[in-house]
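With mmCIF, C-alpha atoms and all ligand atoms inside, this is model21.cif:
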data_my_file
#
loop_
_atom_site.label_atom_id
_atom_site.label_comp_id
_atom_site.auth_asym_id
_atom_site.auth_seq_id
_atom_site.Cartn_x
_atom_site.Cartn_y
_atom_site.Cartn_z
CA MET A 528 -11.83 -20.48 37.08
CA LEU A 529 -11.01 -17.01 38.38
CA MET A 530 -8.58 -18.63 40.84
CA MET A 531 -6.71 -20.28 38.02
CA VAL A 532 -6.34 -17.00 36.16
CA VAL A 533 -5.09 -15.15 39.24
CA VAL A 534 -2.58 -17.83 40.18
CA PHE A 535 -1.34 -17.93 36.62
CA ALA A 536 -0.98 -14.16 36.38
CA THR A 537 1.26 -13.98 39.44
CA THR A 538 3.38 -17.06 39.00
CA ALA A 539 3.96 -17.19 35.26
CA VAL A 540 7.59 -16.97 34.25
CA SER A 541 8.88 -14.08 32.23
CA GLY A 542 10.78 -16.02 29.64
CA GLN A 543 11.90 -19.22 28.08
CA GLU A 544 14.95 -19.19 30.34
CA ASN A 545 12.79 -20.55 33.16
CA TYR A 546 10.97 -23.19 31.24
CA LYS A 547 12.16 -26.08 33.37
CA ASP A 548 10.04 -24.67 36.15
CA LYS A 549 6.94 -26.16 34.56
CA HIS A 550 3.67 -26.40 36.38
CA GLU A 551 1.38 -28.79 34.66
CA LYS A 552 -2.20 -27.59 34.18
CA LEU A 553 -4.18 -29.76 31.82
CA ILE A 554 -7.74 -28.37 31.80
CA TYR A 555 -9.05 -24.90 30.99
CA GLU A 556 -12.51 -23.56 30.35
CA ASN A 557 -12.41 -20.55 28.07
CA LYS A 558 -14.89 -17.73 28.75
CA ASP A 559 -13.36 -15.10 26.47
CA PHE A 560 -14.73 -16.00 23.05
CA HIS A 561 -13.86 -13.75 20.12
CA ASP A 562 -15.83 -13.06 16.96
CA VAL A 563 -14.40 -14.36 13.74
CA LYS A 564 -15.06 -12.83 10.32
CA THR A 565 -15.30 -15.27 7.45
CA TYR A 566 -13.85 -14.57 4.03
CA ASP A 567 -14.67 -16.34 0.81
CA THR A 568 -11.19 -16.46 -0.69
CA ASP A 569 -12.53 -17.60 -4.05
CA LYS A 570 -14.50 -14.37 -4.36
CA ILE A 571 -11.72 -11.97 -3.35
CA LYS A 572 -9.83 -10.76 -6.41
CA PHE A 573 -6.29 -10.85 -5.04
CA LYS A 574 -3.46 -9.33 -7.10
CA LYS A 575 -1.14 -11.82 -8.86
CA LYS A 576 1.80 -11.16 -6.55
CA PRO A 577 1.95 -9.46 -3.18
CA GLU A 578 3.47 -6.04 -2.55
CA ASN A 579 3.07 -6.57 1.19
CA ILE A 580 3.78 -9.64 3.29
CA ILE A 581 2.62 -10.06 6.87
CA LEU A 582 4.36 -13.06 8.45
CA LEU A 583 2.87 -14.16 11.75
CA ILE A 584 4.96 -16.58 13.80
CA GLY A 585 3.34 -18.45 16.65
CA ASP A 586 6.40 -19.54 18.60
CA GLY A 587 5.97 -23.19 19.56
CA MET A 588 2.64 -23.44 17.70
CA GLY A 589 1.96 -26.92 16.37
CA VAL A 590 -1.31 -28.30 15.03
CA ALA A 591 -2.42 -29.23 18.57
CA GLN A 592 -1.96 -25.64 19.81
CA VAL A 593 -4.05 -24.43 16.85
CA PHE A 594 -6.77 -26.98 17.54
CA MET A 595 -6.76 -26.14 21.23
CA GLY A 596 -7.58 -22.58 20.15
CA ILE A 597 -10.28 -23.79 17.76
CA THR A 598 -11.86 -25.92 20.50
CA ALA A 599 -11.63 -23.11 23.07
CA ASN A 600 -13.30 -20.62 20.72
CA LYS A 601 -16.20 -23.02 20.08
CA GLY A 602 -14.97 -24.35 16.76
CA MET A 603 -13.89 -21.25 14.89
CA LEU A 604 -10.75 -19.15 14.59
CA ASN A 605 -9.64 -16.49 12.11
CA ILE A 606 -6.92 -18.87 10.98
CA VAL A 607 -9.65 -21.19 9.57
CA ASN A 608 -10.08 -18.63 6.76
CA MET A 609 -6.63 -19.49 5.48
CA LYS A 610 -7.25 -22.20 2.92
CA ASP A 611 -3.76 -22.75 1.53
CA ILE A 612 -2.02 -24.96 4.04
CA GLY A 613 1.30 -26.77 4.15
CA PHE A 614 3.83 -28.13 6.62
CA SER A 615 7.29 -26.89 7.44
CA LYS A 616 10.13 -29.16 8.56
CA THR A 617 11.93 -27.39 11.35
CA GLN A 618 15.20 -29.32 11.87
CA SER A 619 18.24 -27.05 12.38
CA ALA A 620 21.74 -27.55 10.93
CA ASP A 621 23.04 -29.24 14.07
CA HIS A 622 19.93 -30.59 15.84
CA TYR A 623 16.86 -32.61 14.94
CA ILE A 624 15.02 -30.36 17.40
CA THR A 625 15.55 -26.68 16.65
CA ASP A 626 15.50 -23.75 19.03
CA SER A 627 13.83 -20.45 18.19
CA ALA A 628 17.10 -18.86 17.03
CA ALA A 629 17.83 -21.42 14.29
CA GLY A 630 14.09 -21.70 13.57
CA GLY A 631 13.71 -17.93 13.25
CA THR A 632 16.86 -17.66 11.13
CA ALA A 633 15.56 -20.32 8.72
CA LEU A 634 12.39 -18.28 8.18
CA ALA A 635 14.16 -14.91 8.10
CA CYS A 636 17.26 -15.82 6.06
CA GLY A 637 16.51 -19.07 4.22
CA VAL A 638 19.46 -20.98 5.69
CA LYS A 639 19.69 -23.88 8.11
CA THR A 640 21.91 -22.82 10.96
CA ASN A 641 22.95 -24.12 14.37
CA ASN A 642 20.80 -23.72 17.45
CA HIS A 643 21.46 -20.39 19.25
CA HIS A 644 22.55 -18.67 15.99
CA ILE A 645 20.77 -15.49 14.93
CA GLY A 646 20.99 -14.28 11.32
CA VAL A 647 24.21 -16.19 10.61
CA ASP A 648 24.76 -19.50 8.81
CA ALA A 649 26.22 -22.66 10.36
CA ASP A 650 29.74 -21.28 9.78
CA GLY A 651 28.86 -18.09 11.63
CA LYS A 652 28.73 -16.02 8.42
CA LYS A 653 26.22 -13.17 8.31
CA VAL A 654 23.20 -13.82 6.05
CA LYS A 655 20.81 -11.11 4.89
CA THR A 656 17.28 -11.31 6.29
CA ILE A 657 14.04 -10.89 4.35
CA LEU A 658 13.44 -7.72 6.35
CA GLU A 659 16.82 -6.28 5.35
CA ILE A 660 16.28 -7.24 1.70
CA ALA A 661 12.82 -5.66 1.76
CA GLU A 662 14.34 -2.53 3.31
CA GLU A 663 17.04 -2.36 0.59
CA ASN A 664 14.32 -2.62 -2.03
CA GLY A 665 12.48 0.40 -0.69
CA LYS A 666 9.81 -1.41 1.28
CA ALA A 667 8.71 -0.30 4.72
CA THR A 668 9.44 -2.87 7.43
CA GLY A 669 8.21 -3.75 10.89
CA LEU A 670 8.44 -6.14 13.83
CA VAL A 671 5.93 -6.84 16.60
CA SER A 672 6.52 -9.27 19.46
CA THR A 673 5.00 -10.24 22.80
CA SER A 674 8.49 -11.05 24.10
CA ALA A 675 11.39 -8.61 24.18
CA ILE A 676 12.01 -7.32 20.65
CA THR A 677 15.60 -8.58 21.12
CA HIS A 678 14.48 -12.16 21.80
CA ALA A 679 15.41 -14.91 19.32
CA THR A 680 12.43 -14.77 16.94
CA PRO A 681 12.29 -11.03 16.19
CA ALA A 682 16.08 -10.77 16.50
CA SER A 683 16.46 -13.24 13.61
CA PHE A 684 15.01 -10.59 11.27
CA VAL A 685 17.30 -7.67 12.19
CA ALA A 686 20.45 -9.02 13.85
CA HIS A 687 23.45 -11.25 13.23
CA THR A 688 25.17 -13.00 16.11
CA PRO A 689 26.07 -16.61 16.91
CA ASP A 690 24.65 -16.14 20.43
CA ARG A 691 20.95 -15.46 20.89
CA GLY A 692 21.60 -14.29 24.44
CA GLU A 693 23.43 -11.13 23.38
CA TYR A 694 20.39 -8.89 23.86
CA GLU A 695 22.37 -5.65 24.12
CA GLU A 696 24.26 -6.37 20.91
CA ILE A 697 20.99 -7.33 19.19
CA ALA A 698 19.44 -4.02 20.33
CA LYS A 699 22.42 -2.16 18.87
CA GLN A 700 22.00 -3.92 15.54
CA LEU A 701 18.27 -3.20 15.49
CA VAL A 702 19.04 0.52 15.81
CA ASN A 703 21.07 0.33 12.58
CA SER A 704 18.64 -1.91 10.68
CA GLY A 705 16.58 0.87 9.11
CA ILE A 706 13.34 -0.76 10.34
CA ASP A 707 10.33 1.56 10.22
CA VAL A 708 8.28 0.30 13.16
CA PHE A 709 8.99 -2.03 16.06
CA ILE A 710 6.77 -2.81 19.02
CA GLY A 711 7.75 -5.19 21.81
CA GLY A 712 9.45 -5.46 25.19
CA GLY A 713 13.14 -5.00 25.88
CA TYR A 714 13.47 -1.33 26.94
CA ASP A 715 16.36 -2.18 29.30
CA PHE A 716 18.53 -3.50 26.46
CA PHE A 717 18.28 -0.06 24.83
CA ALA A 718 18.31 2.24 27.84
CA ASN A 719 19.92 0.46 30.82
CA ARG A 720 22.93 -1.05 29.15
CA SER A 721 26.20 -2.31 30.58
CA ASP A 722 28.07 -0.01 28.15
CA LYS A 723 25.98 2.96 29.44
CA GLY A 724 24.95 3.75 25.85
CA ASP A 725 21.57 5.39 25.33
CA LEU A 726 20.05 3.75 22.28
CA ILE A 727 16.72 5.52 22.81
CA LYS A 728 18.45 8.85 22.18
CA LYS A 729 20.21 7.34 19.18
CA LEU A 730 16.90 6.12 17.75
CA GLU A 731 15.32 9.53 18.26
CA LYS A 732 18.23 11.13 16.41
CA LYS A 733 17.54 8.71 13.56
CA GLY A 734 13.96 9.97 13.35
CA TYR A 735 12.14 7.43 15.48
CA ASN A 736 9.23 8.45 17.67
CA MET A 737 9.96 6.47 20.85
CA TYR A 738 7.37 5.42 23.42
CA THR A 739 7.02 2.91 26.24
CA CYS A 740 3.26 2.50 25.92
CA LEU A 741 1.04 2.08 22.87
CA ASP A 742 -1.68 4.27 24.40
CA SER A 743 0.64 7.28 24.36
CA VAL A 744 1.38 7.03 20.62
CA PRO A 745 -0.46 9.98 18.99
CA ASP A 746 -2.84 9.34 16.11
CA ASN A 747 -0.80 10.81 13.31
CA ILE A 748 2.90 10.38 13.92
CA GLU A 749 5.38 11.45 11.28
CA GLY A 750 8.32 9.15 10.61
CA LYS A 751 9.40 5.95 12.27
CA LEU A 752 8.03 4.42 15.43
CA GLY A 753 9.53 2.36 18.26
CA VAL A 754 7.44 1.26 21.23
CA LEU A 755 9.28 -0.64 23.97
CA THR A 756 6.40 -1.88 26.05
CA ALA A 757 8.24 -3.63 28.91
CA PRO A 758 11.67 -3.52 30.60
CA LYS A 759 12.33 -7.05 29.36
CA HIS A 760 9.56 -9.40 28.20
CA ASN A 761 5.91 -8.39 28.07
CA PRO A 762 3.80 -10.05 30.75
CA PRO A 763 1.60 -13.03 29.90
CA LEU A 764 -2.16 -12.78 29.51
CA PRO A 765 -4.42 -11.55 30.94
CA LYS A 766 -2.01 -8.92 32.34
CA ARG A 767 -0.89 -7.90 28.85
CA GLY A 768 -4.41 -6.97 27.70
CA ASN A 769 -4.84 -6.35 23.97
CA LEU A 770 -1.20 -5.47 23.39
CA LEU A 771 -0.70 -7.86 20.48
CA THR A 772 -3.77 -6.82 18.47
CA ASP A 773 -3.24 -3.13 19.28
CA ALA A 774 0.42 -3.40 18.26
CA THR A 775 -0.53 -5.23 15.05
CA GLU A 776 -3.03 -2.48 14.18
CA GLU A 777 -0.52 0.28 14.98
CA ALA A 778 2.28 -1.37 12.96
CA ILE A 779 0.01 -1.86 9.94
CA LYS A 780 -1.14 1.76 10.25
CA VAL A 781 2.46 3.03 10.15
CA LEU A 782 3.47 0.72 7.29
CA ASN A 783 0.32 1.45 5.29
CA LYS A 784 1.40 5.10 5.03
CA ASP A 785 4.40 3.89 3.05
CA ALA A 786 2.42 1.27 1.12
CA LYS A 787 3.43 2.74 -2.26
CA ASP A 788 6.45 0.42 -2.38
CA GLY A 789 4.91 -2.22 -0.15
CA PHE A 790 5.97 -3.50 3.23
CA PHE A 791 7.19 -6.49 5.23
CA LEU A 792 5.86 -7.06 8.73
CA MET A 793 6.65 -9.90 11.15
CA ILE A 794 4.35 -10.40 14.12
CA GLU A 795 5.20 -12.89 16.84
CA GLY A 796 2.95 -14.61 19.35
CA SER A 797 5.96 -15.44 21.52
CA GLN A 798 4.38 -16.94 24.56
CA ILE A 799 2.58 -19.90 22.98
CA ASP A 800 6.06 -21.40 23.34
CA TRP A 801 6.55 -20.43 26.98
CA ALA A 802 3.08 -21.68 27.88
CA SER A 803 3.82 -24.98 26.16
CA HIS A 804 7.18 -25.29 27.98
CA GLN A 805 5.22 -24.98 31.19
CA ASN A 806 2.67 -27.59 30.07
CA ASP A 807 0.00 -25.07 31.05
CA VAL A 808 -3.18 -25.50 28.99
CA ALA A 809 -4.79 -22.27 30.28
CA TYR A 810 -1.74 -20.22 29.33
CA ILE A 811 -1.49 -21.93 25.90
CA THR A 812 -5.17 -21.35 25.16
CA MET A 813 -5.09 -17.68 26.10
CA GLU A 814 -1.93 -17.07 24.06
CA MET A 815 -3.31 -18.99 21.07
CA LEU A 816 -6.58 -17.03 21.09
CA ASP A 817 -4.64 -13.77 21.43
CA PHE A 818 -2.47 -14.72 18.46
CA ASP A 819 -5.57 -15.56 16.43
CA LYS A 820 -7.00 -12.09 17.13
CA ALA A 821 -3.84 -10.59 15.61
CA ILE A 822 -4.27 -12.94 12.62
CA GLY A 823 -7.80 -11.49 12.28
CA VAL A 824 -6.38 -7.96 12.02
CA ALA A 825 -3.93 -9.06 9.31
CA LEU A 826 -6.61 -10.92 7.32
CA GLU A 827 -8.94 -7.94 7.43
CA TYR A 828 -6.20 -5.74 5.93
CA ALA A 829 -5.36 -8.35 3.28
CA ALA A 830 -8.98 -8.91 2.26
CA LYS A 831 -9.38 -5.17 1.78
CA HIS A 832 -6.09 -4.33 0.04
CA LYS A 833 -5.73 -7.47 -2.12
CA ASN A 834 -1.98 -6.93 -2.57
CA THR A 835 -1.09 -8.38 0.83
CA LEU A 836 -0.07 -11.94 1.55
CA VAL A 837 -0.58 -13.20 5.09
CA ILE A 838 1.47 -16.20 6.21
CA VAL A 839 0.98 -17.86 9.59
CA THR A 840 3.46 -20.45 10.79
CA ALA A 841 5.68 -21.52 13.69
CA ASP A 842 9.39 -21.96 14.25
CA HIS A 843 8.82 -25.36 15.93
CA GLU A 844 6.34 -27.15 18.16
CA THR A 845 6.71 -27.08 21.95
CA GLY A 846 5.49 -29.50 24.60
CA GLY A 847 4.49 -32.41 22.38
CA LEU A 848 0.94 -31.23 23.03
CA SER A 849 -2.03 -33.47 22.29
CA ASN A 850 -5.73 -32.62 22.41
CA HIS A 851 -7.74 -34.68 24.88
CA GLY A 852 -11.04 -32.85 24.51
CA ILE A 853 -13.19 -31.78 26.13
CA ASP A 854 -16.02 -29.81 24.56
CA ILE A 855 -16.22 -27.65 21.43
CA GLU A 856 -19.76 -26.53 22.47
CA THR A 857 -18.54 -24.85 25.65
CA GLY A 858 -14.91 -24.08 24.86
CA LYS A 859 -13.48 -26.38 27.53
CA VAL A 860 -10.12 -27.86 26.62
CA LYS A 861 -7.88 -30.59 27.96
CA GLY A 862 -4.33 -31.24 26.87
CA GLY A 863 -1.58 -33.77 27.38
CA PHE A 864 2.17 -33.29 26.96
CA SER A 865 5.15 -35.46 26.10
CA THR A 866 7.91 -32.98 27.02
CA GLY A 867 8.75 -29.64 28.63
CA GLY A 868 10.92 -28.79 25.64
CA HIS A 869 10.56 -28.43 21.89
CA THR A 870 9.71 -31.28 19.50
CA GLY A 871 10.86 -32.09 15.97
CA ILE A 872 7.39 -32.48 14.43
CA MET A 873 6.41 -30.54 11.31
CA VAL A 874 4.53 -27.30 11.94
CA PRO A 875 1.63 -25.92 9.90
CA VAL A 876 1.92 -23.07 7.39
CA PHE A 877 -1.27 -21.17 6.55
CA ALA A 878 -1.43 -18.62 3.72
CA PHE A 879 -4.04 -16.10 2.54
CA GLY A 880 -3.71 -13.66 -0.35
CA PRO A 881 -1.67 -13.40 -3.55
CA GLY A 882 0.70 -16.37 -3.91
CA ALA A 883 -0.91 -18.31 -1.06
CA GLU A 884 -1.10 -21.48 -3.16
CA LEU A 885 2.73 -21.69 -3.15
CA PHE A 886 2.62 -22.65 0.51
CA ARG A 887 0.92 -26.02 -0.02
CA GLY A 888 2.87 -29.21 0.54
CA ILE A 889 5.64 -30.34 2.85
CA TYR A 890 8.95 -28.49 2.67
CA GLU A 891 11.90 -27.26 4.72
CA ASN A 892 11.33 -24.13 6.85
CA THR A 893 13.97 -22.33 4.74
CA GLU A 894 11.62 -22.58 1.73
CA ILE A 895 9.28 -20.06 3.34
CA PHE A 896 12.02 -17.40 2.98
CA HIS A 897 12.63 -18.36 -0.67
CA LYS A 898 8.90 -18.30 -1.47
CA MET A 899 8.63 -14.82 0.04
CA LEU A 900 11.66 -13.65 -1.94
CA TYR A 901 10.18 -15.03 -5.15
CA LEU A 902 6.79 -13.47 -4.52
CA TYR A 903 8.35 -10.08 -3.83
CA ASN A 904 10.28 -10.42 -7.15
CA PHE A 905 13.58 -10.17 -5.24
CA LYS A 906 16.55 -12.23 -6.25
CA SER A 907 17.72 -14.89 -3.84
CA ASP A 908 21.00 -13.95 -2.21
CA LYS A 909 22.19 -17.53 -2.34
MG MG A 1001 10.12 -16.43 20.07
ZN ZN A 1002 10.92 -22.61 23.42
#
Write-out of the structure in structure tokens:
Amino acid sequence: MLMMVVVFATTAVSGQENYKDKHEKLIYENKDFHDVKTYDTDKIKFKKKPENIILLIGDGMGVAQVFMGITANKGMLNIVNMKDIGFSKTQSADHYITDSAAGGTALACGVKTNNHHIGVDADGKKVKTILEIAEENGKATGLVSTSAITHATPASFVAHTPDRGEYEEIAKQLVNSGIDVFIGGGYDFFANRSDKGDLIKKLEKKGYNMYTCLDSVPDNIEGKLGVLTAPKHNPPLPKRGNLLTDATEEAIKVLNKDAKDGFFLMIEGSQIDWASHQNDVAYITMEMLDFDKAIGVALEYAAKHKNTLVIVTADHETGGLSNHGIDIETGKVKGGFSTGGHTGIMVPVFAFGPGAELFRGIYENTEIFHKMLYLYNFKSDK
């Protein structure tokens, strides 16, 4: 088993761009079980409507990825606490099978757009994101990602461009977004740019505390926070350590200081998608369990504060993954795949907290944006 981990750590690709280089690995025996708290949602007196929303996106996470995590953690995940469950239809404006740009934009902006588009509609027109609307309404806002912060999913919440590959432009737009905390990779798109601009300096001038490592962030920072944890994408597990849970805790800590007017936070488990592109069960399982640990942090906050809605969903499924066993008692999993790309199947939506019941049923991915808008008491821009 150690062999498998070592091989995986040194050969894993750094991004979706390389997904065709798949190396099929169908069996994995998990040894890293995590404790799961259980919450009796009927007994928690949630507020009527949320002031805070934490949206967790497992990129590429279909029901099979979730159940692979459940099997690998001996039958229990934090996500199991989320009793209000629905399904989101992920088709984009121009494709039955969406990419993460159109999928992210549907969740962030409430419009169906073409694949590769970020924060613009199918005609290329800029559409406001839930993060920008929250910001305008005085809420604190944040983004956390295990990819580069400029990659399609997080970019969909702060940027507007027809081309998801414009990382330097996306970085520039993030600087002007007013976001309060962002943690993810992508340092080079801010600091080593083809236009020689120094966006780190610009961010610092705007009042951001900028770091390249979560460990160096002091306990009580004043003002905004940006942590660019890798030159481009963050490494896969186990190399990445507890980055996602630590980043989730840090982001919530920063936003909680401004909780008077509430906050919006998006957290992405980016590499469930990359692992699924590679048809690599070990990589999928590790990323899924890591994502569930971050879900645990969000649920703990929501159970305590009662004004916080936690939503967990995906932009699309990847790999056409199926569960072929093996053993819930020991955490050994086996998967099968139908593709190295995305699929068009519905993805699950889990909700916990005030308004969670609105997420039951089967609906278009764009509805998730409109439900959030409604629950925040914001008017739809449409
Ligand atoms: Mg993504
Ligand atoms: Zn993908």
How would you report the residues lying within 10 Å of ligand ZN 1002 (chain A), as a JSON list (two decimals) with C-alpha atoms, keeping the file's coordinate frame, if you count only C-alpha atoms and all ligand atoms?
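What follows is the written file result15.json:
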[["chain", "number", "residue", "atom", "x", "y", "z"],
["A", 542, "GLY", "CA", 10.78, -16.02, 29.64],
["A", 543, "GLN", "CA", 11.90, -19.22, 28.08],
["A", 544, "GLU", "CA", 14.95, -19.19, 30.34],
["A", 546, "TYR", "CA", 10.97, -23.19, 31.24],
["A", 586, "ASP", "CA", 6.40, -19.54, 18.60],
["A", 587, "GLY", "CA", 5.97, -23.19, 19.56],
["A", 625, "THR", "CA", 15.55, -26.68, 16.65],
["A", 626, "ASP", "CA", 15.50, -23.75, 19.03],
["A", 627, "SER", "CA", 13.83, -20.45, 18.19],
["A", 628, "ALA", "CA", 17.10, -18.86, 17.03],
["A", 679, "ALA", "CA", 15.41, -14.91, 19.32],
["A", 797, "SER", "CA", 5.96, -15.44, 21.52],
["A", 798, "GLN", "CA", 4.38, -16.94, 24.56],
["A", 799, "ILE", "CA", 2.58, -19.90, 22.98],
["A", 800, "ASP", "CA", 6.06, -21.40, 23.34],
["A", 801, "TRP", "CA", 6.55, -20.43, 26.98],
["A", 802, "ALA", "CA", 3.08, -21.68, 27.88],
["A", 803, "SER", "CA", 3.82, -24.98, 26.16],
["A", 804, "HIS", "CA", 7.18, -25.29, 27.98],
["A", 805, "GLN", "CA", 5.22, -24.98, 31.19],
["A", 842, "ASP", "CA", 9.39, -21.96, 14.25],
["A", 843, "HIS", "CA", 8.82, -25.36, 15.93],
["A", 844, "GLU", "CA", 6.34, -27.15, 18.16],
["A", 845, "THR", "CA", 6.71, -27.08, 21.95],
["A", 846, "GLY", "CA", 5.49, -29.50, 24.60],
["A", 867, "GLY", "CA", 8.75, -29.64, 28.63],
["A", 868, "GLY", "CA", 10.92, -28.79, 25.64],
["A", 869, "HIS", "CA", 10.56, -28.43, 21.89],
["A", 870, "THR", "CA", 9.71, -31.28, 19.50]]
* Using all atoms listed in the file, give me every residue within 9 Å of (21.1, -7.9, 23.2) in file coordinates, as a ChimeraX atom specification. => /A:677-678,682,691-700,713,716-717
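Take CA of Ile838 in chain A and CA of Ala629 in chain A: the distance between them is 19.0 Å.
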* So how many Å separate CA of Asp788 in chain A and CA of Gly665 in chain A, to one decimal? -> 6.3 Å
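Straight-line separation from CA of Asp707 in chain A to CA of Thr640 in chain A: 27.0 Å.
Between Thr840 in chain A and the candidates A:Ile855, A:Leu900, A:Met609, A:Val874, the tightest atom-to-atom separation, counting all atoms listed in the file, involves A:Val874.
Considering the residues A:Ile676, A:Met595, A:Ala667, A:Ile889 and counting only C-alpha atoms and all ligand atoms, ligand MG 1001 (chain A) has its shortest atom-to-atom contact with A:Ile676.
Distance check against ligand MG 1001 (chain A) using all atoms listed in the file: of A:Glu827, A:Glu795, A:Asp690, A:Glu884, the minimum falls on A:Glu795.
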I'd like the contact shell of Gly847 in chain A - 7 Å cut-off, all atoms listed in the file, skipping same-chain residues fewer than 6 positions apart - returned as an mmCIF file with C-alpha atoms, in the coordinates of the input.
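File produced: out.cif:
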data_model
loop_
_atom_site.group_PDB
_atom_site.id
_atom_site.type_symbol
_atom_site.label_atom_id
_atom_site.label_comp_id
_atom_site.auth_asym_id
_atom_site.auth_seq_id
_atom_site.Cartn_x
_atom_site.Cartn_y
_atom_site.Cartn_z
ATOM 1 C CA PHE A 864 2.170 -33.290 26.960
ATOM 2 C CA SER A 865 5.150 -35.460 26.100
ATOM 3 C CA THR A 866 7.910 -32.980 27.020
ATOM 4 C CA THR A 870 9.710 -31.280 19.500
#
* To do: Just the residues within 10 Å of Tyr555 in chain A, please, counting only C-alpha atoms, with nothing from its chain fewer than 4 positions along; format it as a PyMOL selection string.
  => chain A and resi 528+531-532+599+807-813+853+858-862
* **Option closest in space to ligand MG 1001 (chain A), from A:Asn664, A:Gln592, A:Ser674, A:Asn608 [counting only C-alpha atoms and all ligand atoms]** =>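 Among the listed residues, A:Ser674 lies closest to ligand MG 1001 (chain A).
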* Could you pull the residues within 12 Å of Asn834 in chain A, counting all atoms listed in the file, minus those fewer than 4 positions along the same chain, as an NGL selection string? -> :A and (571-581 or 783 or 786-790 or 826 or 828-830 or 879-883 or 902-903)
Could you name the residues that touch Phe905 in chain A at 10 Å or less, counting all atoms listed in the file, but leaving out those on the same chain fewer than 3 positions away, as a short mmCIF file (atom, residue, chain, number, x, y, z; two decimals) with C-alpha atoms, keeping the file's coordinate frame?
data_model
loop_
_atom_site.label_atom_id
_atom_site.label_comp_id
_atom_site.auth_asym_id
_atom_site.auth_seq_id
_atom_site.Cartn_x
_atom_site.Cartn_y
_atom_site.Cartn_z
CA ILE A 657 14.04 -10.89 4.35
CA ILE A 660 16.28 -7.24 1.70
CA ALA A 661 12.82 -5.66 1.76
CA ASN A 664 14.32 -2.62 -2.03
CA HIS A 897 12.63 -18.36 -0.67
CA MET A 899 8.63 -14.82 0.04
CA LEU A 900 11.66 -13.65 -1.94
CA TYR A 901 10.18 -15.03 -5.15
CA LEU A 902 6.79 -13.47 -4.52
CA ASP A 908 21.00 -13.95 -2.21
#
Complete range 641-652 of chain A at the level of N, CA and C atoms, written as a short mmCIF file (atom, residue, chain, number, x, y, z; two decimals), in the coordinates of the input.
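Output file part.cif follows:
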data_model
loop_
_atom_site.label_atom_id
_atom_site.label_comp_id
_atom_site.auth_asym_id
_atom_site.auth_seq_id
_atom_site.Cartn_x
_atom_site.Cartn_y
_atom_site.Cartn_z
N ASN A 641 22.89 -23.39 13.10
CA ASN A 641 22.95 -24.12 14.37
C ASN A 641 22.03 -23.47 15.41
N ASN A 642 21.57 -24.27 16.34
CA ASN A 642 20.80 -23.72 17.45
C ASN A 642 21.61 -22.61 18.12
N HIS A 643 20.91 -21.60 18.59
CA HIS A 643 21.46 -20.39 19.25
C HIS A 643 21.95 -19.32 18.26
N HIS A 644 22.08 -19.66 16.97
CA HIS A 644 22.55 -18.67 15.99
C HIS A 644 21.41 -17.76 15.53
N ILE A 645 21.73 -16.50 15.39
CA ILE A 645 20.77 -15.49 14.93
C ILE A 645 21.31 -14.83 13.67
N GLY A 646 20.63 -15.01 12.54
CA GLY A 646 20.99 -14.28 11.32
C GLY A 646 22.37 -14.59 10.78
N VAL A 647 22.94 -15.73 11.17
CA VAL A 647 24.21 -16.19 10.61
C VAL A 647 24.05 -17.65 10.20
N ASP A 648 24.87 -18.11 9.23
CA ASP A 648 24.76 -19.50 8.81
C ASP A 648 25.53 -20.41 9.78
N ALA A 649 25.60 -21.70 9.45
CA ALA A 649 26.22 -22.66 10.36
C ALA A 649 27.72 -22.42 10.55
N ASP A 650 28.33 -21.64 9.62
CA ASP A 650 29.74 -21.28 9.78
C ASP A 650 29.92 -19.94 10.50
N GLY A 651 28.80 -19.37 10.92
CA GLY A 651 28.86 -18.09 11.63
C GLY A 651 28.89 -16.88 10.71
N LYS A 652 28.70 -17.12 9.40
CA LYS A 652 28.73 -16.02 8.42
C LYS A 652 27.37 -15.31 8.36
#
